[in-house]
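Asks: One file: model_25.tsv (TSV, C-alpha atoms and all ligand atoms).
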chain	number	residue	atom	x	y	z
A	1	MET	CA	316.24	73.07	253.24
A	2	ASP	CA	315.80	69.87	251.28
A	3	ALA	CA	312.84	69.60	248.95
A	4	GLY	CA	311.28	67.14	251.35
A	5	GLY	CA	311.21	69.78	254.07
A	6	GLY	CA	312.89	69.74	257.43
A	7	ALA	CA	311.35	68.11	260.46
A	8	GLY	CA	307.73	69.17	260.52
A	9	GLU	CA	308.17	71.72	257.72
A	10	GLN	CA	305.15	71.92	255.43
A	11	LEU	CA	305.92	70.90	251.83
A	12	SER	CA	305.10	73.76	249.44
A	13	LEU	CA	305.55	74.36	245.70
A	14	ALA	CA	307.60	77.48	246.47
A	15	ALA	CA	309.94	75.52	248.76
A	16	VAL	CA	310.35	72.71	246.25
A	17	ARG	CA	311.03	75.19	243.45
A	18	ASP	CA	313.65	76.84	245.66
A	19	GLN	CA	315.33	73.44	246.03
A	20	LEU	CA	315.28	72.96	242.25
A	21	ILE	CA	316.94	76.37	241.89
A	22	ARG	CA	319.61	75.33	244.40
A	23	GLU	CA	320.23	72.09	242.45
A	24	GLU	CA	320.97	74.22	239.36
A	25	ASP	CA	324.19	75.39	241.04
A	26	SER	CA	325.34	71.79	241.59
A	27	ILE	CA	324.59	70.87	237.97
A	28	VAL	CA	326.30	73.93	236.48
A	29	PHE	CA	329.39	73.53	238.67
A	30	SER	CA	329.65	69.78	238.04
A	31	LEU	CA	329.59	70.37	234.27
A	32	ILE	CA	332.19	73.13	234.59
A	33	GLU	CA	334.43	70.73	236.50
A	34	ARG	CA	333.94	67.90	233.98
A	35	ALA	CA	334.77	70.30	231.12
A	36	LYS	CA	338.31	70.54	232.51
A	37	ARG	CA	338.94	67.16	230.86
A	38	PRO	CA	338.46	66.30	227.19
A	39	ARG	CA	336.03	63.60	226.09
A	40	ASN	CA	338.48	60.77	227.00
A	41	ALA	CA	336.45	58.24	225.01
A	42	PRO	CA	338.45	55.15	226.23
A	43	ALA	CA	336.83	55.67	229.65
A	44	TYR	CA	333.49	54.72	228.09
A	45	SER	CA	334.43	51.76	225.91
A	46	SER	CA	333.42	48.39	227.29
A	47	ALA	CA	336.44	46.32	228.22
A	48	GLY	CA	334.83	42.94	227.58
A	49	ALA	CA	332.31	41.57	230.07
A	50	GLY	CA	333.50	43.95	232.74
A	51	GLY	CA	331.82	46.93	231.13
A	52	SER	CA	333.44	50.37	230.82
A	53	LEU	CA	335.60	52.19	233.33
A	54	ALA	CA	332.73	54.65	233.78
A	55	GLU	CA	330.30	51.88	234.70
A	56	PHE	CA	332.86	50.22	236.99
A	57	PHE	CA	333.53	53.51	238.80
A	58	VAL	CA	329.84	54.33	239.33
A	59	ARG	CA	329.05	50.79	240.56
A	60	GLU	CA	331.92	50.83	243.05
A	61	ALA	CA	331.26	54.43	244.15
A	62	GLU	CA	327.61	53.62	244.83
A	63	VAL	CA	328.62	50.68	247.04
A	64	LEU	CA	330.70	53.09	249.14
A	65	HIS	CA	327.87	55.65	249.21
A	66	ALA	CA	325.38	52.96	250.28
A	67	LYS	CA	327.66	51.80	253.11
A	68	ALA	CA	327.95	55.44	254.24
A	69	GLY	CA	324.15	55.74	254.37
A	70	HIS	CA	323.39	57.51	251.08
A	71	TYR	CA	320.18	56.78	249.10
A	72	GLN	CA	317.81	57.22	252.05
A	73	LYS	CA	315.85	60.05	250.41
A	74	PRO	CA	313.37	59.64	247.50
A	75	GLU	CA	315.48	61.94	245.27
A	76	ASP	CA	318.76	60.11	245.91
A	77	ILE	CA	318.60	57.05	243.66
A	78	PRO	CA	321.57	54.89	242.64
A	79	PHE	CA	322.17	54.00	238.98
A	80	PHE	CA	322.97	50.38	239.94
A	81	PRO	CA	320.66	49.58	242.86
A	82	GLN	CA	321.00	45.80	242.62
A	83	ASP	CA	322.77	44.19	245.59
A	84	LEU	CA	323.84	47.47	247.26
A	85	PRO	CA	324.90	46.85	250.88
A	86	PRO	CA	322.98	48.32	253.84
A	87	PRO	CA	324.36	51.35	255.70
A	88	LEU	CA	327.22	50.61	258.10
A	89	PHE	CA	326.49	53.74	260.12
A	90	PRO	CA	323.32	55.14	261.70
A	91	THR	CA	321.15	57.16	259.31
A	92	LYS	CA	318.74	59.97	260.18
A	93	GLY	CA	315.10	59.32	259.29
A	94	PHE	CA	313.68	61.86	256.87
A	95	PRO	CA	310.07	63.11	256.96
A	96	LYS	CA	307.85	60.79	254.91
A	97	VAL	CA	306.06	63.41	252.81
A	98	LEU	CA	305.54	61.30	249.67
A	99	HIS	CA	303.23	58.40	248.81
A	100	PRO	CA	304.98	55.02	249.44
A	101	SER	CA	304.96	54.31	245.70
A	102	ALA	CA	307.53	57.10	245.23
A	103	SER	CA	310.27	54.46	245.64
A	104	ARG	CA	309.06	52.81	242.42
A	105	VAL	CA	309.65	55.95	240.31
A	106	CYS	CA	313.08	56.02	238.70
A	107	VAL	CA	314.26	57.41	235.34
A	108	ASN	CA	317.99	56.85	235.90
A	109	ASP	CA	318.34	54.69	232.79
A	110	ALA	CA	317.18	57.68	230.72
A	111	VAL	CA	319.48	60.02	232.69
A	112	TRP	CA	322.47	57.74	232.05
A	113	LYS	CA	321.74	57.49	228.30
A	114	MET	CA	321.11	61.24	227.98
A	115	TYR	CA	324.33	62.13	229.78
A	116	PHE	CA	326.70	59.89	227.80
A	117	ASP	CA	324.97	59.90	224.38
A	118	GLU	CA	323.69	63.47	224.13
A	119	LEU	CA	325.17	65.82	226.75
A	120	LEU	CA	328.83	64.78	227.08
A	121	PRO	CA	329.64	65.47	223.38
A	122	LEU	CA	328.03	68.91	223.71
A	123	PHE	CA	330.24	70.32	226.46
A	124	THR	CA	333.53	68.36	226.40
A	125	ALA	CA	336.34	68.99	223.90
A	126	ASP	CA	337.43	66.23	221.55
A	127	GLY	CA	340.61	64.60	222.75
A	128	ASP	CA	342.23	62.10	225.08
A	129	ASP	CA	344.54	63.22	227.88
A	130	GLY	CA	344.64	59.83	229.59
A	131	ASN	CA	343.15	61.09	232.85
A	132	TYR	CA	340.45	58.45	232.78
A	133	ALA	CA	339.98	57.91	236.54
A	134	GLU	CA	339.60	61.64	237.20
A	135	THR	CA	337.27	61.91	234.22
A	136	VAL	CA	334.82	59.24	235.38
A	137	ALA	CA	334.85	60.66	238.91
A	138	LEU	CA	333.75	63.99	237.43
A	139	ASP	CA	331.11	62.16	235.37
A	140	PHE	CA	329.77	60.55	238.55
A	141	ALA	CA	329.32	63.99	240.15
A	142	CYS	CA	327.39	65.19	237.07
A	143	LEU	CA	325.18	62.08	237.03
A	144	GLN	CA	324.35	62.42	240.73
A	145	ALA	CA	323.47	66.11	240.42
A	146	LEU	CA	321.27	65.53	237.34
A	147	SER	CA	319.51	62.50	238.85
A	148	ARG	CA	318.83	64.26	242.16
A	149	ARG	CA	317.34	67.30	240.46
A	150	ILE	CA	315.15	65.24	238.12
A	151	HIS	CA	313.84	62.99	240.89
A	152	CYS	CA	312.86	66.02	242.97
A	153	GLY	CA	309.95	65.90	240.55
A	154	LYS	CA	308.31	63.53	243.06
A	155	TYR	CA	307.98	66.40	245.56
A	156	VAL	CA	306.66	68.73	242.86
A	157	ALA	CA	304.00	66.18	241.90
A	158	GLU	CA	302.97	65.59	245.53
A	159	VAL	CA	302.53	69.30	246.19
A	160	LYS	CA	300.58	69.85	242.98
A	161	PHE	CA	298.31	66.91	243.79
A	162	LYS	CA	297.73	68.13	247.38
A	163	ASP	CA	297.03	71.66	246.11
A	164	SER	CA	294.29	70.54	243.71
A	165	PRO	CA	293.34	66.85	244.04
A	166	GLN	CA	290.10	67.54	242.19
A	167	ASP	CA	292.09	68.45	239.05
A	168	TYR	CA	294.52	65.54	239.16
A	169	THR	CA	292.26	62.67	240.33
A	170	PRO	CA	290.26	62.24	237.08
A	171	PRO	CA	293.32	61.95	234.74
A	172	ILE	CA	295.03	59.67	237.29
A	173	HIS	CA	292.04	57.31	237.28
A	174	ALA	CA	291.90	57.56	233.46
A	175	LYS	CA	295.66	56.89	233.30
A	176	ASP	CA	295.80	59.91	230.98
A	177	SER	CA	299.51	60.84	230.94
A	178	ASN	CA	299.02	63.61	228.40
A	179	ALA	CA	296.35	65.31	230.50
A	180	LEU	CA	298.59	65.05	233.56
A	181	MET	CA	301.55	66.44	231.58
A	182	ASN	CA	299.46	69.45	230.50
A	183	LEU	CA	298.16	70.04	234.03
A	184	LEU	CA	301.62	70.10	235.63
A	185	THR	CA	303.37	72.14	232.92
A	186	PHE	CA	303.98	75.82	233.70
A	187	LYS	CA	305.48	77.44	230.60
A	188	GLU	CA	306.38	80.70	232.40
A	189	VAL	CA	308.41	78.73	234.95
A	190	VAL	CA	310.12	76.76	232.17
A	191	GLU	CA	311.25	79.96	230.43
A	192	LYS	CA	312.59	81.41	233.70
A	193	VAL	CA	314.54	78.22	234.40
A	194	LYS	CA	316.15	78.25	230.93
A	195	LYS	CA	317.20	81.90	231.29
A	196	ARG	CA	318.51	81.40	234.85
A	197	VAL	CA	320.67	78.35	234.14
A	198	GLU	CA	322.13	80.10	231.10
A	199	LYS	CA	322.96	83.13	233.26
A	200	LYS	CA	324.51	80.92	235.96
A	201	ALA	CA	326.72	79.18	233.36
A	202	ARG	CA	327.84	82.61	232.11
A	203	ILE	CA	328.61	83.93	235.61
A	204	PHE	CA	329.99	80.77	237.25
A	205	GLY	CA	331.94	79.80	234.11
A	206	GLN	CA	333.66	83.08	233.33
A	207	ASN	CA	337.41	83.56	233.70
A	208	VAL	CA	337.94	85.98	236.60
A	209	THR	CA	340.89	88.36	236.12
A	210	LEU	CA	342.13	91.32	238.09
A	211	GLU	CA	342.69	93.34	234.95
A	212	GLU	CA	339.73	95.23	233.52
A	213	ASP	CA	338.74	93.03	230.57
A	214	THR	CA	336.53	94.87	228.13
A	215	VAL	CA	337.50	92.82	225.05
A	216	ASN	CA	335.96	89.55	226.19
A	217	LYS	CA	332.91	91.11	227.76
A	218	GLN	CA	329.46	91.54	226.30
A	219	ASP	CA	327.24	94.00	228.21
A	220	GLY	CA	329.28	93.35	231.33
A	221	ASN	CA	329.23	89.56	231.10
A	222	ALA	CA	331.76	87.14	229.66
A	223	ARG	CA	331.25	86.25	226.02
A	224	ASP	CA	329.83	82.73	225.68
A	225	SER	CA	332.99	81.66	223.83
A	226	GLU	CA	334.98	82.66	226.94
A	227	CYS	CA	332.90	80.56	229.33
A	228	LYS	CA	334.11	77.16	230.56
A	229	VAL	CA	330.81	75.63	229.42
A	230	ASP	CA	328.73	77.28	226.71
A	231	PRO	CA	325.74	78.82	228.52
A	232	LYS	CA	323.50	77.84	225.62
A	233	VAL	CA	324.36	74.19	226.39
A	234	LEU	CA	322.89	74.57	229.88
A	235	SER	CA	319.74	76.11	228.47
A	236	LYS	CA	319.48	73.26	225.94
A	237	LEU	CA	320.18	70.64	228.63
A	238	TYR	CA	317.31	71.87	230.74
A	239	ASP	CA	314.96	72.47	227.81
A	240	LEU	CA	315.47	69.14	226.04
A	241	TRP	CA	316.26	66.79	228.90
A	242	VAL	CA	316.23	67.95	232.53
A	243	MET	CA	312.77	69.52	232.61
A	244	PRO	CA	311.12	66.86	230.37
A	245	LEU	CA	312.61	64.08	232.53
A	246	THR	CA	311.46	65.91	235.67
A	247	LYS	CA	307.95	66.00	234.24
A	248	ASP	CA	308.19	62.29	233.39
A	249	VAL	CA	308.94	61.69	237.07
A	250	GLU	CA	305.99	63.87	238.04
A	251	VAL	CA	303.62	61.95	235.76
A	252	GLU	CA	304.92	58.53	236.82
A	253	TYR	CA	304.52	59.49	240.49
A	254	LEU	CA	300.98	60.82	239.96
A	255	LEU	CA	299.88	57.68	238.10
A	256	LEU	CA	300.76	55.69	241.25
A	257	ARG	CA	299.52	58.31	243.73
A	258	LEU	CA	296.02	56.89	244.32
A	259	TYR	CA	296.87	53.21	244.54
B	1	LIG	C1	308.96	71.42	238.38
B	1	LIG	C2	307.77	71.91	237.96
B	1	LIG	O1	307.00	71.27	237.02
B	1	LIG	C3	307.32	71.42	235.62
B	1	LIG	C4	308.78	71.22	235.42
B	1	LIG	C5	309.62	72.29	235.56
B	1	LIG	C6	311.10	72.06	235.72
B	1	LIG	O2	311.51	70.89	235.57
B	1	LIG	O3	311.82	73.04	236.05
B	1	LIG	C7	309.13	73.62	235.60
B	1	LIG	C8	307.78	73.86	235.44
B	1	LIG	C9	306.84	72.78	235.11
B	1	LIG	O4	306.67	72.71	233.72
B	1	LIG	C10	307.25	73.19	238.50
B	1	LIG	O5	306.05	73.47	238.26
B	1	LIG	O6	308.03	73.89	239.19
Output the file's structure in the form of structure tokens.
Replies:
Amino acid sequence: MDAGGGAGEQLSLAAVRDQLIREEDSIVFSLIERAKRPRNAPAYSSAGAGGSLAEFFVREAEVLHAKAGHYQKPEDIPFFPQDLPPPLFPTKGFPKVLHPSASRVCVNDAVWKMYFDELLPLFTADGDDGNYAETVALDFACLQALSRRIHCGKYVAEVKFKDSPQDYTPPIHAKDSNALMNLLTFKEVVEKVKKRVEKKARIFGQNVTLEEDTVNKQDGNARDSECKVDPKVLSKLYDLWVMPLTKDVEVEYLLLRLY
């Protein structure tokens, strides 16, 4: 089920959290796939006014996605929304469970900067193998998975508001972002998320062999050095960027919720 619920399904914090858990798989697997290629820095250097190959690929890919009917849901937001064409094919209406202002909440600029400036150097090897087109296609998959997960924060905020409007209304009227941030933070959930994404990186990223491999195992799991992406990188990604950006989306949505 999508975070926004199926037809007539009641939005709940448990259901939205389940969707966030499901998005973890997409993020872990997209990073594992990207890690097949080295950094390939030339893919990110701006070739004059035309921008970088990475920017070119994402712009063009998003035109195709828009024509196919993508970007109809509040969590599916393009990185270059300007001048995208309308869908060429019929699209299915999705239940409108969020406040109309949800469409104004977007942190994709921060997601883009985080991915290329902070995250990419953490999980890709130095080097240049010339596979630039494949590399930026893998980057696009990572960017989409990260953006979708972070913007699911709109559903989290809506559910939390609906569950206790009396708690959220005063700081919304006071435009008190810090108070809202404290209200919507659940430290026990944060710790579980960090542990789970680290475990998923260890399990999904291990080399599977038919021989019994005791050397590269640590209490039954692959050693971090054997994993395709260091599990500690996933924990750091969520701790430093994914969950804080999700909360930024929650706060931005709540500040617009009563207007
Ligand atoms: C998404 C939620 O809100 C906050 C953000 C979290 C996250 O991004 O995983 C987890 C807990 C909260 O601090 C939630 O309560 O589930």
Asks: Can you build me a table of range 132-185 of chain A residues sitting at most 10 Å from range 241-245 of chain A, with the closest atom pair per residue and its distance in Å to one decimal, using only C-alpha atoms, sorted by chain and residue number, as JSON lines?
Replies:
{"residue": "A:Leu146", "atom": "CA", "partner": "A:Val242", "partner_atom": "CA", "distance": 7.4}
{"residue": "A:Ser147", "atom": "CA", "partner": "A:Val242", "partner_atom": "CA", "distance": 9.0}
{"residue": "A:Arg149", "atom": "CA", "partner": "A:Val242", "partner_atom": "CA", "distance": 8.0}
{"residue": "A:Ile150", "atom": "CA", "partner": "A:Leu245", "partner_atom": "CA", "distance": 6.2}
{"residue": "A:His151", "atom": "CA", "partner": "A:Leu245", "partner_atom": "CA", "distance": 8.5}
{"residue": "A:Gly153", "atom": "CA", "partner": "A:Leu245", "partner_atom": "CA", "distance": 8.6}
{"residue": "A:Met181", "atom": "CA", "partner": "A:Pro244", "partner_atom": "CA", "distance": 9.7}
{"residue": "A:Thr185", "atom": "CA", "partner": "A:Pro244", "partner_atom": "CA", "distance": 9.7}
Asks: Ligand LIG 1 (chain B): which residues are within 8 Å, counting all atoms listed in the file? Reply as a short mmCIF file (atom, residue, chain, number, x, y, z; two decimals) with C-alpha atoms, keeping the file's coordinate frame.
Replies:
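Output contents, as saved in out.cif:
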data_model
loop_
_atom_site.label_atom_id
_atom_site.label_comp_id
_atom_site.auth_asym_id
_atom_site.auth_seq_id
_atom_site.Cartn_x
_atom_site.Cartn_y
_atom_site.Cartn_z
CA LEU A 13 305.55 74.36 245.70
CA VAL A 16 310.35 72.71 246.25
CA ARG A 17 311.03 75.19 243.45
CA LEU A 20 315.28 72.96 242.25
CA ILE A 150 315.15 65.24 238.12
CA GLY A 153 309.95 65.90 240.55
CA VAL A 156 306.66 68.73 242.86
CA ALA A 157 304.00 66.18 241.90
CA LEU A 184 301.62 70.10 235.63
CA THR A 185 303.37 72.14 232.92
CA PHE A 186 303.98 75.82 233.70
CA LYS A 187 305.48 77.44 230.60
CA GLU A 188 306.38 80.70 232.40
CA VAL A 189 308.41 78.73 234.95
CA VAL A 190 310.12 76.76 232.17
CA VAL A 193 314.54 78.22 234.40
CA TYR A 238 317.31 71.87 230.74
CA VAL A 242 316.23 67.95 232.53
CA MET A 243 312.77 69.52 232.61
CA PRO A 244 311.12 66.86 230.37
CA LEU A 245 312.61 64.08 232.53
CA THR A 246 311.46 65.91 235.67
CA LYS A 247 307.95 66.00 234.24
CA GLU A 250 305.99 63.87 238.04
#
Asks: Of the residues A:Asp230, A:Val136, A:Val111, A:Leu183, which is the one nearest to Pro170 in chain A, using all atoms listed in the file?
Replies: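 Result for the nearest residue to Pro170 in chain A: A:Leu183.
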Asks: With distances taken over only C-alpha atoms, which residue among A:Glu33, A:Glu60, A:Asp139, A:Asp163 lies nearest Asp83 in chain A?
Replies: A:Glu60
Asks: Could you work out how far CA of Gln166 in chain A lies from CA of Leu11 in chain A, giving the answer in Å with one decimal?
Replies: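 Those two atoms sit 18.8 Å apart.
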Asks: Would you mind reading off the distance between CA of Asn207 in chain A and CA of Asp224 in chain A, one decimal, in Å?
Replies: 11.1 Å
Asks: Calculated over only C-alpha atoms, which of the candidates A:Leu138, A:Arg257, A:Phe161, A:Phe123 has the smallest distance to Lys236 in chain A?
Replies: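 Looking only at the distances to Lys236 in chain A, the closest residue turns out to be A:Phe123.
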Asks: Report, in Å to a single decimal, how far apart CA of Cys227 in chain A and CA of Gln206 in chain A are.
Replies: 4.8 Å
Asks: I need the residue nearest Val63 in chain A from this list: A:Leu88, A:Lys160, A:Lys199, A:Asp248. Use only C-alpha atoms for the distance.
Replies: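 Between A:Leu88, A:Lys160, A:Lys199, A:Asp248, the residue approaching Val63 in chain A most closely is A:Leu88.
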Asks: List the spatial neighbours of Glu75 in chain A as a list of chain:residue names - criterion: any atom at most 10 Å away, all atoms listed in the file, same-chain residues fewer than 5 positions off excluded.
Replies: A:Asp2, A:Ala3, A:Gly4, A:Ala102, A:Ser103, A:Val105, A:Cys106, A:Gln144, A:Ser147, A:Arg148, A:Arg149, A:Ile150, A:His151, A:Cys152, A:Gly153, A:Lys154, A:Tyr155
Asks: Name the residues in contact with range 64-70 of chain A at a cut-off of 6 Å, using all atoms listed in the file, excluding same-chain residues fewer than 4 positions from it; report them as a PyMOL selection string.
Replies: chain A and resi 86-88+91
Asks: Those selected residues, please, written with C-alpha atoms and delivered as a CSV table (one decimal), in the coordinates of the input.
Replies:
chain,number,residue,atom,x,y,z
A,86,PRO,CA,323.0,48.3,253.8
A,87,PRO,CA,324.4,51.4,255.7
A,88,LEU,CA,327.2,50.6,258.1
A,91,THR,CA,321.2,57.2,259.3
Asks: Return the single residue from A:Tyr132, A:Ile77, A:Phe116, A:Arg39 that is closest to Phe57 in chain A, with distances computed using all atoms listed in the file.
Replies: A:Tyr132
Asks: Could you tell me which of A:Val229, A:Ile27, A:Leu237, A:Val251 comes closest to Asn178 in chain A if we count only C-alpha atoms?
Replies: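 Closest to Asn178 in chain A of all the choices is A:Val251.
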Asks: Dig up all the protein and nucleic acid residues within 10 Å of (318.3, 78.5, 238.1) in the file frame, using all atoms listed in the file, and format them as number ranges by chain.
Replies: A: 17-25, 27-28, 192-201, 238
Asks: Atoms are missing here; could range 18-28 of chain A be completed with all heavy atoms and written as an mmCIF file, in the frame of the given file?
Replies:
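And here's result_6.cif as it stands now:
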data_model
loop_
_atom_site.group_PDB
_atom_site.id
_atom_site.type_symbol
_atom_site.label_atom_id
_atom_site.label_comp_id
_atom_site.auth_asym_id
_atom_site.auth_seq_id
_atom_site.Cartn_x
_atom_site.Cartn_y
_atom_site.Cartn_z
ATOM 1 N N ASP A 18 312.388 76.287 245.155
ATOM 2 C CA ASP A 18 313.650 76.840 245.660
ATOM 3 C C ASP A 18 314.737 75.764 245.673
ATOM 4 O O ASP A 18 315.899 76.032 245.368
ATOM 5 C CB ASP A 18 313.456 77.390 247.081
ATOM 6 C CG ASP A 18 312.729 78.734 247.083
ATOM 7 O OD1 ASP A 18 312.618 79.344 245.991
ATOM 8 O OD2 ASP A 18 312.262 79.155 248.158
ATOM 9 N N GLN A 19 314.347 74.535 246.039
ATOM 10 C CA GLN A 19 315.330 73.440 246.030
ATOM 11 C C GLN A 19 315.801 73.145 244.612
ATOM 12 O O GLN A 19 316.989 72.916 244.366
ATOM 13 C CB GLN A 19 314.721 72.182 246.660
ATOM 14 C CG GLN A 19 315.666 70.990 246.712
ATOM 15 C CD GLN A 19 316.882 71.211 247.598
ATOM 16 O OE1 GLN A 19 316.817 72.012 248.528
ATOM 17 N NE2 GLN A 19 317.968 70.514 247.309
ATOM 18 N N LEU A 20 314.885 73.190 243.650
ATOM 19 C CA LEU A 20 315.280 72.960 242.250
ATOM 20 C C LEU A 20 316.257 74.036 241.793
ATOM 21 O O LEU A 20 317.228 73.748 241.085
ATOM 22 C CB LEU A 20 314.043 72.953 241.346
ATOM 23 C CG LEU A 20 313.055 71.808 241.536
ATOM 24 C CD1 LEU A 20 311.879 71.959 240.575
ATOM 25 C CD2 LEU A 20 313.735 70.452 241.312
ATOM 26 N N ILE A 21 316.034 75.272 242.246
ATOM 27 C CA ILE A 21 316.940 76.370 241.890
ATOM 28 C C ILE A 21 318.324 76.108 242.496
ATOM 29 O O ILE A 21 319.353 76.305 241.855
ATOM 30 C CB ILE A 21 316.376 77.716 242.368
ATOM 31 C CG1 ILE A 21 315.129 78.077 241.540
ATOM 32 C CG2 ILE A 21 317.423 78.837 242.246
ATOM 33 C CD1 ILE A 21 314.354 79.286 242.065
ATOM 34 N N ARG A 22 318.332 75.620 243.738
ATOM 35 C CA ARG A 22 319.610 75.330 244.400
ATOM 36 C C ARG A 22 320.328 74.172 243.680
ATOM 37 O O ARG A 22 321.554 74.173 243.524
ATOM 38 C CB ARG A 22 319.359 74.951 245.862
ATOM 39 C CG ARG A 22 320.634 74.668 246.654
ATOM 40 C CD ARG A 22 321.507 75.904 246.760
ATOM 41 N NE ARG A 22 322.756 75.644 247.459
ATOM 42 C CZ ARG A 22 323.823 75.073 246.890
ATOM 43 N NH1 ARG A 22 323.792 74.725 245.602
ATOM 44 N NH2 ARG A 22 324.944 74.877 247.588
ATOM 45 N N GLU A 23 319.603 73.220 243.161
ATOM 46 C CA GLU A 23 320.230 72.090 242.450
ATOM 47 C C GLU A 23 320.866 72.561 241.137
ATOM 48 O O GLU A 23 321.792 71.930 240.622
ATOM 49 C CB GLU A 23 319.196 70.993 242.164
ATOM 50 C CG GLU A 23 318.581 70.330 243.400
ATOM 51 C CD GLU A 23 319.602 69.561 244.239
ATOM 52 O OE1 GLU A 23 320.706 69.252 243.739
ATOM 53 O OE2 GLU A 23 319.299 69.270 245.407
ATOM 54 N N GLU A 24 320.364 73.679 240.600
ATOM 55 C CA GLU A 24 320.970 74.220 239.360
ATOM 56 C C GLU A 24 322.456 74.506 239.577
ATOM 57 O O GLU A 24 323.291 74.230 238.712
ATOM 58 C CB GLU A 24 320.265 75.509 238.950
ATOM 59 C CG GLU A 24 318.858 75.331 238.427
ATOM 60 C CD GLU A 24 318.092 76.645 238.337
ATOM 61 O OE1 GLU A 24 318.688 77.708 238.640
ATOM 62 O OE2 GLU A 24 316.904 76.606 237.990
ATOM 63 N N ASP A 25 322.785 75.057 240.759
ATOM 64 C CA ASP A 25 324.190 75.390 241.040
ATOM 65 C C ASP A 25 325.053 74.136 240.954
ATOM 66 O O ASP A 25 326.129 74.127 240.360
ATOM 67 C CB ASP A 25 324.332 76.009 242.434
ATOM 68 C CG ASP A 25 323.491 77.273 242.599
ATOM 69 O OD1 ASP A 25 322.855 77.687 241.614
ATOM 70 O OD2 ASP A 25 323.468 77.810 243.714
ATOM 71 N N SER A 26 324.559 73.044 241.580
ATOM 72 C CA SER A 26 325.340 71.790 241.590
ATOM 73 C C SER A 26 325.531 71.277 240.165
ATOM 74 O O SER A 26 326.610 70.803 239.802
ATOM 75 C CB SER A 26 324.610 70.733 242.430
ATOM 76 O OG SER A 26 324.383 71.208 243.742
ATOM 77 N N ILE A 27 324.489 71.373 239.348
ATOM 78 C CA ILE A 27 324.590 70.870 237.970
ATOM 79 C C ILE A 27 325.554 71.729 237.161
ATOM 80 O O ILE A 27 326.454 71.217 236.493
ATOM 81 C CB ILE A 27 323.186 70.838 237.323
ATOM 82 C CG1 ILE A 27 322.350 69.707 237.949
ATOM 83 C CG2 ILE A 27 323.278 70.657 235.809
ATOM 84 C CD1 ILE A 27 320.896 69.709 237.569
ATOM 85 N N VAL A 28 325.413 73.053 237.249
ATOM 86 C CA VAL A 28 326.300 73.930 236.480
ATOM 87 C C VAL A 28 327.752 73.728 236.900
ATOM 88 O O VAL A 28 328.645 73.547 236.062
ATOM 89 C CB VAL A 28 325.891 75.412 236.653
ATOM 90 C CG1 VAL A 28 326.919 76.343 236.002
ATOM 91 C CG2 VAL A 28 324.512 75.657 236.032
#
